[in-house]
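Peer 1: Handing you this structure, nothing more for now.
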2 protein chains.
Amino acid sequence: MTDRRPVAIVFDTFGTVVDWRSSLIADLTTFGRERGINADWTGLVDAWRAAYHPSMDRVRKGERPWATLDSLHRGSLDQLVAEFGIKGLSEADLRHINRGWHRLNPWPDSVPGLTRLKRAFIIGPLSNGNVALLTNMAKHAGLPWDTVFGSDLFRHFKPDPETYLGVAKLLDIEPGQVMMAAAHNNDLANARRQGLMTAFFPRPSEYGPHQKRDYAAEQDWDIVATDIEDMAIKLGC
Amino acid sequence: MTDRRPVAIVFDTFGTVVDWRSSLIADLTTFGRERGINADWTGLVDAWRAAYHPSMDRVRKGERPWATLDSLHRGSLDQLVAEFGIKGLSEADLRHINRGWHRLNPWPDSVPGLTRLKRAFIIGPLSNGNVALLTNMAKHAGLPWDTVFGSDLFRHFKPDPETYLGVAKLLDIEPGQVMMAAAHNNDLANARRQGLMTAFFPRPSEYGPHQKRDYAAEQDWDIVATDIEDMAIKLGC
């Protein structure tokens, strides 16, 4: 624990604030039933998420020009629909499925915890999602952000330093006045490398049966909590 | 009135949502009394605002590189402090005064009106202010924005098209799905030229005794209201 207080707290989003896996599986299962399309929707969701880092890494390494996460998600989806042999999807269906990332549900503690933290701090997502995705997600899930730090503001994905440092620059504060909150130790390690404060809480069911890491804090993060409500308590909110 | 509905409504801020003149005069008068510095604070505020458009126009015309509104405000303040013969201000004092633009108070209808509109629309400021200024102002004034469109996101000031069109791009919607709301007819004329919807309500005391225009709508804007609460009613919120 630290005595320093941040001015702003930014949150990783997928997995940290919203439960992408359960939300997407439910969303697609409902869609498939309504449209009479049978498929391994759970397998599709897991494969879709597995394509997440490789697709961003191509941008980060300069192998392809800047693209929003919405656009990367759509590229991966098109490939996976073919691989999974899913037939009968129209262009409107594919757009609807891709927008599933805008309709993710929060973990039970997310909205009450963020609401408490908002009283004392500037709060926002710092996510690889783009502003449209994150803003629509906040409307859907009731996330009370003060403002939204989408990767398209920086034209960089985490862990590029431009993202962590870009928040401090836009808020006209020092990197050490920004706290990164995440359920992923590597995100916090990268944020700390840029001088940000850090807060960890685990999301042990994020990947369902495929979870392999991030059950516990791996460094002495400034805050280690059980969830966002506990984090608010630890910060005196 | 129109039958079209926007997806997002963005608000001009200074004068439209917050009462910059009364707020700054009160802020500076209190500061002067506490610090024992006597000055024509009302005259300073009016002159400071008069420097607003000329300072941005130098950036817009390429006569100087990009600068945030905070930075332009500070440049104008330094000049005016000398012109008004105000003595005894430290660097910390000047920073405090310049941050007065982050501490502006809302018009009485702003928070209740925005709260109603937020239920049905994405709402945010589209202002020449920078993200830090607008975010701090929202915390101070209780403005319930979904996200903040500061001019530093676009590195352009209104009425450059990059600002109006930049909102649509970040939200991944068409310009015609964005409504610009302002108490200034010229802002709306520029927004309409880029394909945005428009909403007007007057703020007849914005400039105090120096008000010269914008007492009424000068075009058939999509919405013409008496204030933001009336705008919410007219949009069925």
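Residue numbers start at 1 in each chain; chains themselves are named A, B, ... in the order of the structure tokens; ligands are numbered from 1 in the order shown.
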Please identify all polymer residues within 10 Å of Thr198 (chain B), counting only C-alpha atoms, omitting same-chain residues fewer than 4 positions from it, and present them as a PDB file with C-alpha atoms, in the first residue's frame.
Peer 2:
```
ATOM      1  CA  PRO B   6     -29.490  11.800 -33.327  1.00  0.00           C
ATOM      2  CA  ILE B   9     -25.548  15.159 -28.878  1.00  0.00           C
ATOM      3  CA  VAL B  10     -22.459  17.302 -28.404  1.00  0.00           C
ATOM      4  CA  GLY B 176     -26.020  13.353 -39.619  1.00  0.00           C
ATOM      5  CA  VAL B 178     -24.593  13.824 -34.402  1.00  0.00           C
ATOM      6  CA  MET B 179     -26.501  16.846 -33.085  1.00  0.00           C
ATOM      7  CA  MET B 180     -24.561  19.998 -32.178  1.00  0.00           C
ATOM      8  CA  ALA B 181     -26.193  21.995 -29.374  1.00  0.00           C
ATOM      9  CA  ALA B 182     -25.113  25.592 -28.814  1.00  0.00           C
ATOM     10  CA  ASN B 185     -25.850  30.569 -34.161  1.00  0.00           C
ATOM     11  CA  ASP B 187     -21.354  27.372 -34.243  1.00  0.00           C
ATOM     12  CA  LEU B 188     -24.550  25.712 -35.456  1.00  0.00           C
ATOM     13  CA  ALA B 189     -24.168  27.131 -38.975  1.00  0.00           C
ATOM     14  CA  ASN B 190     -20.674  25.605 -39.148  1.00  0.00           C
ATOM     15  CA  ALA B 191     -21.891  22.279 -37.750  1.00  0.00           C
ATOM     16  CA  ARG B 192     -24.774  22.169 -40.244  1.00  0.00           C
ATOM     17  CA  GLN B 219     -31.942  29.603 -38.952  1.00  0.00           C
ATOM     18  CA  ASP B 220     -34.479  26.795 -38.797  1.00  0.00           C
ATOM     19  CA  TRP B 221     -32.344  24.665 -36.495  1.00  0.00           C
ATOM     20  CA  ASP B 222     -33.593  21.097 -35.955  1.00  0.00           C
ATOM     21  CA  ILE B 223     -34.410  21.962 -32.348  1.00  0.00           C
ATOM     22  CA  VAL B 224     -35.065  25.447 -30.949  1.00  0.00           C
TER      23      VAL B 224
END
```
Peer 1: Within 9 Å of region 206-215 of chain A, counting only C-alpha atoms, which residues qualify if same-chain residues fewer than 2 places away don't, as a list in words?
Peer 2: Phe14, Gly15, Thr16, Asp19, Trp20, Arg21, Ser22, Asp46, Ala183, His184, Asn185, Asn186, Phe201, Pro202, Arg203, Pro204, Ala217 and Glu218 of chain A
Peer 1: Store the residues picked out above in a file with N, CA and C atoms, as a short mmCIF file (atom, residue, chain, number, x, y, z; two decimals), in the first residue's frame.
Peer 2:
```
data_model
loop_
_atom_site.label_atom_id
_atom_site.label_comp_id
_atom_site.auth_asym_id
_atom_site.auth_seq_id
_atom_site.Cartn_x
_atom_site.Cartn_y
_atom_site.Cartn_z
N PHE A 14 -11.57 -5.07 -20.90
CA PHE A 14 -11.95 -6.46 -21.18
C PHE A 14 -11.39 -7.38 -20.10
N GLY A 15 -12.26 -8.00 -19.35
CA GLY A 15 -11.82 -8.90 -18.28
C GLY A 15 -11.72 -8.19 -16.95
N THR A 16 -11.26 -6.94 -16.95
CA THR A 16 -11.09 -6.20 -15.70
C THR A 16 -12.41 -5.59 -15.23
N ASP A 19 -17.16 -8.72 -18.25
CA ASP A 19 -16.99 -10.17 -18.37
C ASP A 19 -17.23 -10.53 -19.84
N TRP A 20 -16.19 -10.34 -20.67
CA TRP A 20 -16.38 -10.50 -22.12
C TRP A 20 -16.79 -11.92 -22.49
N ARG A 21 -16.24 -12.94 -21.81
CA ARG A 21 -16.46 -14.31 -22.27
C ARG A 21 -17.91 -14.75 -22.06
N SER A 22 -18.41 -14.62 -20.84
CA SER A 22 -19.80 -15.02 -20.58
C SER A 22 -20.78 -14.17 -21.39
N ASP A 46 -13.86 -18.18 -27.73
CA ASP A 46 -12.49 -18.40 -27.23
C ASP A 46 -11.46 -18.19 -28.34
N ALA A 183 -6.83 -6.39 -13.99
CA ALA A 183 -6.79 -7.76 -13.50
C ALA A 183 -5.66 -8.54 -14.15
N HIS A 184 -4.76 -7.84 -14.83
CA HIS A 184 -3.68 -8.48 -15.57
C HIS A 184 -2.34 -7.90 -15.12
N ASN A 185 -1.50 -8.76 -14.55
CA ASN A 185 -0.21 -8.31 -14.03
C ASN A 185 0.67 -7.67 -15.10
N ASN A 186 0.61 -8.18 -16.34
CA ASN A 186 1.52 -7.63 -17.36
C ASN A 186 1.13 -6.20 -17.74
N PHE A 201 -6.68 -6.40 -9.00
CA PHE A 201 -7.66 -7.30 -8.38
C PHE A 201 -7.85 -8.44 -9.37
N PRO A 202 -8.04 -9.66 -8.88
CA PRO A 202 -8.11 -10.81 -9.79
C PRO A 202 -9.52 -11.00 -10.37
N ARG A 203 -9.55 -11.54 -11.56
CA ARG A 203 -10.82 -11.97 -12.17
C ARG A 203 -10.63 -13.43 -12.57
N PRO A 204 -10.72 -14.34 -11.58
CA PRO A 204 -10.28 -15.72 -11.81
C PRO A 204 -11.15 -16.51 -12.79
N ALA A 217 -1.64 -11.17 -7.33
CA ALA A 217 -0.67 -10.12 -7.64
C ALA A 217 0.73 -10.71 -7.73
N GLU A 218 1.48 -10.31 -8.75
CA GLU A 218 2.84 -10.82 -8.95
C GLU A 218 3.91 -9.80 -8.62
#
```
Peer 1: Select all residues from chain A having any atom no more than 10 Å from an atom of chain B (counting only C-alpha atoms, ignoring ligands), output as a VMD selection string.
Peer 2: chain A and resid 70 118 to 122 124 130 to 136 138 to 139 143 to 150 152 to 154 167 to 173
Peer 1: Go ahead and save the residues from that selection, with N, CA and C atoms, as a short mmCIF file (atom, residue, chain, number, x, y, z; two decimals), in the first residue's frame.
Peer 2:
```
data_model
loop_
_atom_site.label_atom_id
_atom_site.label_comp_id
_atom_site.auth_asym_id
_atom_site.auth_seq_id
_atom_site.Cartn_x
_atom_site.Cartn_y
_atom_site.Cartn_z
N ASP A 70 -12.38 -2.53 -33.35
CA ASP A 70 -13.58 -2.98 -34.06
C ASP A 70 -13.21 -3.61 -35.41
N LYS A 118 -15.59 7.37 -8.46
CA LYS A 118 -15.84 8.60 -9.23
C LYS A 118 -16.00 9.82 -8.33
N ARG A 119 -16.40 9.61 -7.08
CA ARG A 119 -16.57 10.76 -6.18
C ARG A 119 -15.25 11.45 -5.88
N ALA A 120 -14.16 10.68 -5.90
CA ALA A 120 -12.87 11.23 -5.47
C ALA A 120 -11.84 11.34 -6.59
N PHE A 121 -12.05 10.63 -7.69
CA PHE A 121 -11.03 10.57 -8.74
C PHE A 121 -11.68 10.74 -10.11
N ILE A 122 -10.88 11.21 -11.07
CA ILE A 122 -11.28 11.11 -12.48
C ILE A 122 -11.15 9.65 -12.86
N GLY A 124 -11.72 6.57 -15.95
CA GLY A 124 -11.97 6.29 -17.36
C GLY A 124 -11.38 4.95 -17.73
N ASN A 130 -11.67 0.96 -29.13
CA ASN A 130 -11.77 2.32 -29.66
C ASN A 130 -12.88 3.07 -28.95
N VAL A 131 -12.89 4.39 -29.14
CA VAL A 131 -13.82 5.25 -28.41
C VAL A 131 -15.28 4.81 -28.63
N ALA A 132 -15.64 4.48 -29.85
CA ALA A 132 -17.03 4.07 -30.13
C ALA A 132 -17.38 2.82 -29.33
N LEU A 133 -16.49 1.82 -29.38
CA LEU A 133 -16.72 0.57 -28.65
C LEU A 133 -16.88 0.85 -27.16
N LEU A 134 -15.95 1.63 -26.59
CA LEU A 134 -15.95 1.85 -25.14
C LEU A 134 -17.13 2.72 -24.70
N THR A 135 -17.51 3.68 -25.54
CA THR A 135 -18.64 4.55 -25.19
C THR A 135 -19.95 3.77 -25.26
N ASN A 136 -20.11 2.97 -26.29
CA ASN A 136 -21.33 2.15 -26.39
C ASN A 136 -21.37 1.12 -25.26
N ALA A 138 -20.11 1.46 -22.30
CA ALA A 138 -20.45 2.17 -21.06
C ALA A 138 -21.95 2.44 -20.98
N LYS A 139 -22.56 2.80 -22.11
CA LYS A 139 -24.02 3.03 -22.12
C LYS A 139 -24.75 1.72 -21.80
N LEU A 143 -21.51 2.00 -17.06
CA LEU A 143 -20.21 2.36 -16.47
C LEU A 143 -20.10 3.88 -16.40
N PRO A 144 -19.89 4.44 -15.21
CA PRO A 144 -19.99 5.90 -15.04
C PRO A 144 -18.70 6.65 -15.31
N TRP A 145 -18.04 6.38 -16.43
CA TRP A 145 -16.76 7.05 -16.75
C TRP A 145 -16.91 8.57 -16.80
N ASP A 146 -15.84 9.26 -16.41
CA ASP A 146 -15.76 10.71 -16.64
C ASP A 146 -15.40 11.01 -18.09
N THR A 147 -14.50 10.23 -18.64
CA THR A 147 -14.18 10.33 -20.06
C THR A 147 -13.56 9.02 -20.50
N VAL A 148 -13.44 8.84 -21.81
CA VAL A 148 -13.09 7.55 -22.38
C VAL A 148 -11.75 7.66 -23.12
N PHE A 149 -10.77 6.86 -22.70
CA PHE A 149 -9.46 6.85 -23.36
C PHE A 149 -9.38 5.64 -24.28
N GLY A 150 -9.87 5.78 -25.48
CA GLY A 150 -9.79 4.70 -26.46
C GLY A 150 -8.43 4.71 -27.15
N ASP A 152 -7.80 4.63 -30.17
CA ASP A 152 -7.77 5.47 -31.37
C ASP A 152 -7.38 6.91 -31.05
N LEU A 153 -7.48 7.33 -29.79
CA LEU A 153 -6.99 8.67 -29.43
C LEU A 153 -5.47 8.74 -29.58
N PHE A 154 -4.82 7.62 -29.36
CA PHE A 154 -3.35 7.59 -29.39
C PHE A 154 -2.82 6.92 -30.66
N VAL A 167 -2.59 9.33 -21.48
CA VAL A 167 -3.60 9.71 -20.48
C VAL A 167 -3.11 10.89 -19.66
N ALA A 168 -1.87 10.79 -19.16
CA ALA A 168 -1.31 11.87 -18.35
C ALA A 168 -1.26 13.16 -19.16
N LYS A 169 -0.88 13.05 -20.42
CA LYS A 169 -0.77 14.24 -21.26
C LYS A 169 -2.15 14.88 -21.48
N LEU A 170 -3.14 14.07 -21.81
CA LEU A 170 -4.48 14.63 -22.05
C LEU A 170 -5.06 15.24 -20.78
N LEU A 171 -4.76 14.67 -19.63
CA LEU A 171 -5.27 15.22 -18.37
C LEU A 171 -4.34 16.29 -17.79
N ASP A 172 -3.22 16.54 -18.45
CA ASP A 172 -2.26 17.56 -18.01
C ASP A 172 -1.80 17.32 -16.56
N ILE A 173 -1.48 16.06 -16.28
CA ILE A 173 -0.93 15.68 -14.98
C ILE A 173 0.31 14.81 -15.21
#
```
Peer 1: Write out as a PyMOL selection string the residues lying within 8 Å of Gln194 (chain A), counting only C-alpha atoms and excluding same-chain residues fewer than 4 positions away.
Peer 2: chain A and resi 161+164-165+175+190
Peer 1: What does the structure give for the distance between CA of Asp160 (chain B) and CA of Gly166 (chain A), in Å to one decimal?
Peer 2: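 Between these atoms lies a distance of 23.5 Å.
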Peer 1: If DSSP is run on the backbone, what residues of region 110-226 of chain B are strand (DSSP E)? A reply as a VMD selection string would be ideal.
Peer 2: chain B and resid 122 to 125 178 to 182 197 to 200 223 to 224
Peer 1: Keeping only N, CA and C atoms, write the selected residues to a file as a short mmCIF file (atom, residue, chain, number, x, y, z; two decimals), in the first residue's frame.
Peer 2:
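The new file part35.cif reads:
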```
data_model
loop_
_atom_site.label_atom_id
_atom_site.label_comp_id
_atom_site.auth_asym_id
_atom_site.auth_seq_id
_atom_site.Cartn_x
_atom_site.Cartn_y
_atom_site.Cartn_z
N ILE B 122 -25.92 9.51 -26.39
CA ILE B 122 -24.53 9.76 -25.97
C ILE B 122 -24.37 11.27 -25.89
N ILE B 123 -23.89 11.77 -24.77
CA ILE B 123 -23.69 13.22 -24.64
C ILE B 123 -22.23 13.55 -24.29
N GLY B 124 -21.76 14.65 -24.84
CA GLY B 124 -20.40 15.09 -24.54
C GLY B 124 -20.22 16.54 -24.92
N PRO B 125 -19.20 17.19 -24.38
CA PRO B 125 -18.87 18.53 -24.85
C PRO B 125 -18.10 18.44 -26.17
N VAL B 178 -25.10 12.99 -35.50
CA VAL B 178 -24.59 13.82 -34.40
C VAL B 178 -25.37 15.13 -34.40
N MET B 179 -25.84 15.55 -33.22
CA MET B 179 -26.50 16.85 -33.08
C MET B 179 -25.57 17.78 -32.30
N MET B 180 -25.33 18.96 -32.87
CA MET B 180 -24.56 20.00 -32.18
C MET B 180 -25.55 20.90 -31.46
N ALA B 181 -25.33 21.11 -30.16
CA ALA B 181 -26.19 21.99 -29.37
C ALA B 181 -25.36 23.19 -28.93
N ALA B 182 -25.89 24.40 -29.15
CA ALA B 182 -25.11 25.59 -28.81
C ALA B 182 -26.04 26.79 -28.65
N MET B 197 -26.82 17.57 -37.26
CA MET B 197 -28.07 18.14 -36.79
C MET B 197 -27.75 19.28 -35.81
N THR B 198 -28.76 20.07 -35.50
CA THR B 198 -28.49 21.30 -34.72
C THR B 198 -29.58 21.55 -33.68
N ALA B 199 -29.17 22.10 -32.55
CA ALA B 199 -30.13 22.52 -31.51
C ALA B 199 -29.66 23.86 -30.93
N PHE B 200 -30.58 24.79 -30.81
CA PHE B 200 -30.27 26.12 -30.29
C PHE B 200 -31.12 26.42 -29.06
N ILE B 223 -33.74 21.71 -33.62
CA ILE B 223 -34.41 21.96 -32.35
C ILE B 223 -34.17 23.42 -31.97
N VAL B 224 -35.22 24.12 -31.56
CA VAL B 224 -35.07 25.45 -30.95
C VAL B 224 -35.78 25.37 -29.60
#
```
Peer 1: Per DSSP on the backbone, filter region 43-233 of chain A down to the residues in alpha helix (DSSP H) and report them as an MDAnalysis selection string.
Peer 2: chainID A and resid 43:50 52:60 69:83 91:98 110:118 131:141 151:154 161:171 185:193 228:233
Peer 1: Can you tell me how far CA of Glu162 (chain A) sits from CA of His156 (chain B), in Å to one decimal?
Peer 2: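 Going from CA of Glu162 (chain A) over to CA of His156 (chain B), I get 20.3 Å.
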Peer 1: Between CA of Met137 (chain A) and CA of Lys61 (chain A), what is the spacing in Å?
Peer 2: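 The value is 27.9 Å.
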Peer 1: Do a neighbour search on region 98-109 of chain A at 7 Å with only C-alpha atoms, toss out local chain neighbours closer than 4 positions, and write the hits as a ChimeraX atom specification.
Peer 2: /A:17-20,23-24,27,73-74,94,113,133-134,136-137,140-141,227-229
Peer 1: Mind checking which residues fall within 10 Å of Arg60 (chain B), counting only C-alpha atoms, ignoring those fewer than 4 positions away in the same chain, and posting them as a ChimeraX atom specification?
Peer 2: /B:53-56,64-66,155-160
